[in-house]
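Data from data_39.cif: mmCIF, C-alpha atoms
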```
data_coords
#
loop_
_atom_site.label_atom_id
_atom_site.label_comp_id
_atom_site.auth_asym_id
_atom_site.auth_seq_id
_atom_site.Cartn_x
_atom_site.Cartn_y
_atom_site.Cartn_z
CA MET F 15 21.73 2.15 -10.35
CA GLU F 16 20.05 5.21 -8.89
CA THR F 17 19.46 5.31 -5.13
CA VAL F 18 16.21 5.91 -3.25
CA TYR F 19 15.60 6.49 0.45
CA ILE F 20 12.11 5.19 1.26
CA GLU F 21 10.53 7.36 3.93
CA THR F 22 7.92 5.94 6.31
CA THR F 23 4.83 7.49 4.70
CA VAL F 24 5.43 5.42 1.57
CA VAL F 25 5.36 2.06 3.35
CA SER F 26 2.44 3.25 5.48
CA CYS F 27 0.49 4.04 2.32
CA LEU F 28 1.54 0.70 0.83
CA VAL F 29 0.07 -1.47 3.60
CA SER F 30 -2.80 0.64 4.91
CA HIS F 31 -6.41 -0.40 4.50
CA PRO F 32 -7.98 0.86 1.25
CA SER F 33 -9.25 4.37 1.78
CA SER F 34 -12.60 5.79 0.76
CA ASP F 35 -10.94 9.22 0.41
CA LEU F 36 -10.27 9.61 -3.33
CA VAL F 37 -6.92 11.36 -2.93
CA VAL F 38 -5.62 8.86 -0.38
CA ALA F 39 -6.90 5.97 -2.52
CA ALA F 40 -5.00 7.40 -5.51
CA HIS F 41 -1.84 7.66 -3.39
CA GLN F 42 -2.30 4.04 -2.33
CA LYS F 43 -2.69 2.91 -5.93
CA LEU F 44 0.35 4.88 -7.10
CA THR F 45 2.38 3.53 -4.18
CA HIS F 46 1.47 -0.05 -5.08
CA GLU F 47 2.36 0.56 -8.72
CA TRP F 48 5.73 2.03 -7.79
CA TRP F 49 6.47 -0.70 -5.26
CA ASP F 50 5.48 -3.52 -7.60
CA HIS F 51 6.83 -2.21 -10.92
CA ARG F 52 9.51 0.42 -10.31
CA ARG F 53 11.19 -0.33 -6.99
CA GLN F 54 13.43 -3.03 -8.44
CA LEU F 55 14.95 -0.43 -10.79
CA PHE F 56 16.53 1.39 -7.85
CA ALA F 57 18.92 0.65 -5.02
CA CYS F 58 16.56 1.28 -2.12
CA PHE F 59 17.54 2.25 1.41
CA ILE F 60 15.87 2.97 4.74
CA SER F 61 17.19 3.95 8.17
CA ASP F 62 16.56 3.12 11.80
CA VAL F 63 14.33 6.21 11.86
CA VAL F 64 12.08 4.56 9.25
CA LEU F 65 12.02 1.30 11.21
CA ASP F 66 11.23 3.10 14.47
CA GLU F 67 8.37 5.03 12.88
CA ALA F 68 7.08 1.96 11.03
CA GLY F 69 6.95 0.06 14.33
CA ASP F 70 4.80 2.71 16.02
CA GLY F 71 1.03 2.96 16.03
CA ASP F 72 -1.51 0.24 15.35
CA PRO F 73 0.21 -3.09 16.10
CA GLN F 74 -1.30 -4.91 13.10
CA GLN F 75 -0.30 -2.14 10.70
CA ALA F 76 3.16 -1.96 12.30
CA VAL F 77 3.71 -5.66 11.58
CA LEU F 78 2.70 -5.12 7.94
CA ARG F 79 4.96 -2.08 7.57
CA LEU F 80 7.97 -3.82 9.09
CA LYS F 81 7.36 -6.92 6.98
CA ALA F 82 7.29 -4.80 3.79
CA LEU F 83 10.62 -3.21 4.78
CA GLU F 84 12.40 -6.50 5.40
CA GLY F 85 15.55 -6.90 3.36
CA ILE F 86 15.91 -3.23 2.43
CA PRO F 87 19.42 -2.10 3.39
CA LYS F 88 19.82 0.55 6.07
CA ILE F 89 21.84 3.73 5.99
CA ALA F 90 23.26 4.49 9.41
CA ALA F 91 22.75 7.82 11.11
CA THR F 92 26.01 9.70 11.59
CA LYS F 93 27.17 12.67 13.64
CA LYS F 94 27.30 14.70 10.40
CA GLY F 95 23.69 13.75 9.72
CA GLU F 96 22.65 14.66 13.26
CA ARG F 97 24.26 18.09 12.88
CA LEU F 98 22.54 18.62 9.52
CA ALA F 99 19.16 17.55 10.94
CA ALA F 100 19.64 20.00 13.82
CA SER F 101 20.37 22.77 11.30
CA PHE F 102 17.18 21.89 9.40
CA LEU F 103 15.21 22.16 12.64
CA VAL F 104 16.78 25.44 13.73
CA SER F 105 16.34 27.18 10.39
CA ALA F 106 13.42 25.67 8.47
CA LEU F 107 11.41 22.91 10.15
CA PRO F 108 9.26 22.96 13.29
CA ALA F 109 10.39 20.90 16.30
CA LYS F 110 7.58 18.39 15.66
CA ALA F 111 9.29 17.54 12.36
CA ALA F 112 12.43 16.08 13.98
CA GLY F 113 11.85 12.72 12.28
CA ASP F 114 11.45 14.43 8.92
CA ALA F 115 14.67 16.37 9.48
CA ALA F 116 16.42 13.09 10.33
CA HIS F 117 15.14 11.37 7.16
CA LEU F 118 16.32 14.23 4.98
CA ALA F 119 19.69 14.54 6.73
CA ILE F 120 20.40 10.79 6.58
CA ALA F 121 19.57 10.68 2.87
CA THR F 122 21.57 13.85 2.19
CA VAL F 123 24.72 12.77 4.05
CA GLY F 124 24.34 9.29 2.51
CA LYS F 125 24.41 10.87 -0.96
CA ILE F 126 21.08 9.30 -1.94
CA LYS F 127 19.65 10.58 -5.23
CA TYR F 128 15.93 10.47 -4.33
CA LEU F 129 13.97 10.66 -1.09
CA LEU F 130 10.56 9.05 -1.68
CA THR F 131 7.73 10.35 0.50
CA TRP F 132 4.06 11.23 0.71
CA ASN F 133 4.85 13.84 3.39
CA CYS F 134 4.03 17.05 1.56
CA ASN F 135 4.01 19.17 4.73
CA HIS F 136 7.68 18.97 5.66
CA LEU F 137 9.45 17.03 2.91
CA ALA F 138 7.86 17.18 -0.56
CA ASN F 139 7.15 20.88 -0.13
CA ALA F 140 8.71 23.18 -2.72
CA GLN F 141 8.86 26.25 -0.49
CA LEU F 142 10.47 24.40 2.41
CA LEU F 143 12.84 22.58 0.07
CA ASP F 144 14.25 25.91 -1.11
CA ARG F 145 15.18 26.76 2.49
CA LEU F 146 16.41 23.23 3.25
CA GLU F 147 18.55 23.19 0.12
CA SER F 148 20.28 26.41 1.15
CA ILE F 149 21.06 24.89 4.55
CA ALA F 150 22.44 21.71 2.98
CA VAL F 151 24.58 23.63 0.47
CA ALA F 152 25.99 25.85 3.24
CA ALA F 153 26.99 22.65 5.08
CA GLY F 154 28.64 21.25 1.93
CA TYR F 155 25.91 18.82 0.85
CA LYS F 156 23.47 18.36 -2.00
CA LEU F 157 19.88 17.49 -1.06
CA PRO F 158 18.36 14.41 -2.64
CA ARG F 159 15.49 15.03 -5.03
CA VAL F 160 12.47 14.78 -2.74
CA CYS F 161 9.52 13.29 -4.58
CA THR F 162 6.37 11.21 -4.33
CA PRO F 163 5.94 7.77 -5.88
CA GLU F 164 3.91 9.44 -8.64
CA GLU F 165 6.91 11.60 -9.54
CA LEU F 166 9.24 8.58 -9.61
CA MET F 167 7.16 6.45 -11.98
CA GLY F 168 9.55 6.99 -14.87
CA ILE F 169 9.15 8.37 -18.32
CA SER F 170 6.07 7.44 -20.29
CA SER F 171 6.14 7.26 -24.04
CA TYR F 172 3.64 9.59 -25.64
CA GLU F 173 2.10 8.29 -28.81
#
```
Go ahead and render the structure in this file as structure tokens.
Amino acid sequence: METVYIETTVVSCLVSHPSSDLVVAAHQKLTHEWWDHRRQLFACFISDVVLDEAGDGDPQQAVLRLKALEGIPKIAATKKGERLAASFLVSALPAKAAGDAAHLAIATVGKIKYLLTWNCNHLANAQLLDRLESIAVAAGYKLPRVCTPEELMGISSYE
């Protein structure tokens, strides 16, 4: 079974109030579809970083996020992951993206196949991923495929 690291933006999108912004509403719909119909096809993982971020912010939304994450196994942060995250921050990501660096490093060191996110600034960003991939390869790792729920919906049959 393929593995997926579920980053915080996905669960935030899953439980947030319906948006009147068309793009955000589409992300919410796609997230629900993936969560309800595709998630069970993968071995899903989170980390303490996800739980910490999910517990922040609006208390009612935090409860919903944490409830949605219940039962999903955690990947532990390691010293190797901390070193890789630090390399990501030194060479490619801004300091404010420390959590994003941690997500990517944990998934990379944990040999996860996919990192699922709606964060297109620092994670699902093709230009940044080129730089991040070089850093990971130099450290002896292979980055997970970073993608959105829309990209992990599977193969459709075309008739």
**Request:** Rank F:Ala82, F:Ala150, F:Val160, F:Ala57 by their smallest atom-to-atom distance to Ala99 in chain F, using all atoms listed in the file, and report the top residue only.
**Result:**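 Checking each of F:Ala82, F:Ala150, F:Val160, F:Ala57 against Ala99 in chain F, counting all atoms listed in the file, the winner is F:Ala150.
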**Item:** Non-local contacts of Leu80 in chain F (10 Å; all atoms listed in the file; under 6 positions in same chain excluded) as a VMD selection string
**Value:** chain F and resid 25 to 26 29 64 to 69
**Item:** Best match for closeness to Leu143 in chain F among F:Gly168, F:Pro163, F:Val123, F:Ala106, counting all atoms listed in the file
**Value:**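 Residue with the minimum atom-to-atom distance to Leu143 in chain F: F:Ala106.
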**Request:** Find the residue from F:Leu98, F:Leu44, F:Ile149, F:Leu129 that sits nearest to Phe59 in chain F; use all atoms listed in the file when measuring.
**Result:**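 The answer is F:Leu129, which sits nearest to Phe59 in chain F.
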**Message:** Between CA of His31 in chain F and CA of Gln75 in chain F, what distance in Å does the model show, to one decimal?
**Reply:** 8.9 Å
**Prompt:** So how far away is CA of Ile20 in chain F from CA of Ala39 in chain F, in Å?
**Reply:**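 Computed distance, CA of Ala39 in chain F to CA of Ile20 in chain F, equals 19.4 Å.
Among the candidates F:Ser101, F:Ser34, F:Ser61, F:Thr131, the residue lying nearest to Ala152 in chain F is F:Ser101 (atoms considered: all atoms listed in the file).
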**Request:** Convert the output of the PyMOL selection byres ((chain F and resi 155) around 10) on the shown file into explicit residues, formatted as a list in words.
**Result:** Leu98, Ala119, Thr122, Val123, Gly124, Lys125, Glu147, Ser148, Ile149, Ala150, Val151, Ala152, Ala153, Gly154, Lys156, Leu157 and Pro158 of chain F
**Fill in**
Students should find that CA of Ile89 in chain F and CA of Val24 in chain F are spaced 17.1 Å
**Residue among F:Gln42, F:Ser30, F:Thr92, F:Asn139 lying closest to Arg159 in chain F, counting all atoms listed in the file** = F:Asn139
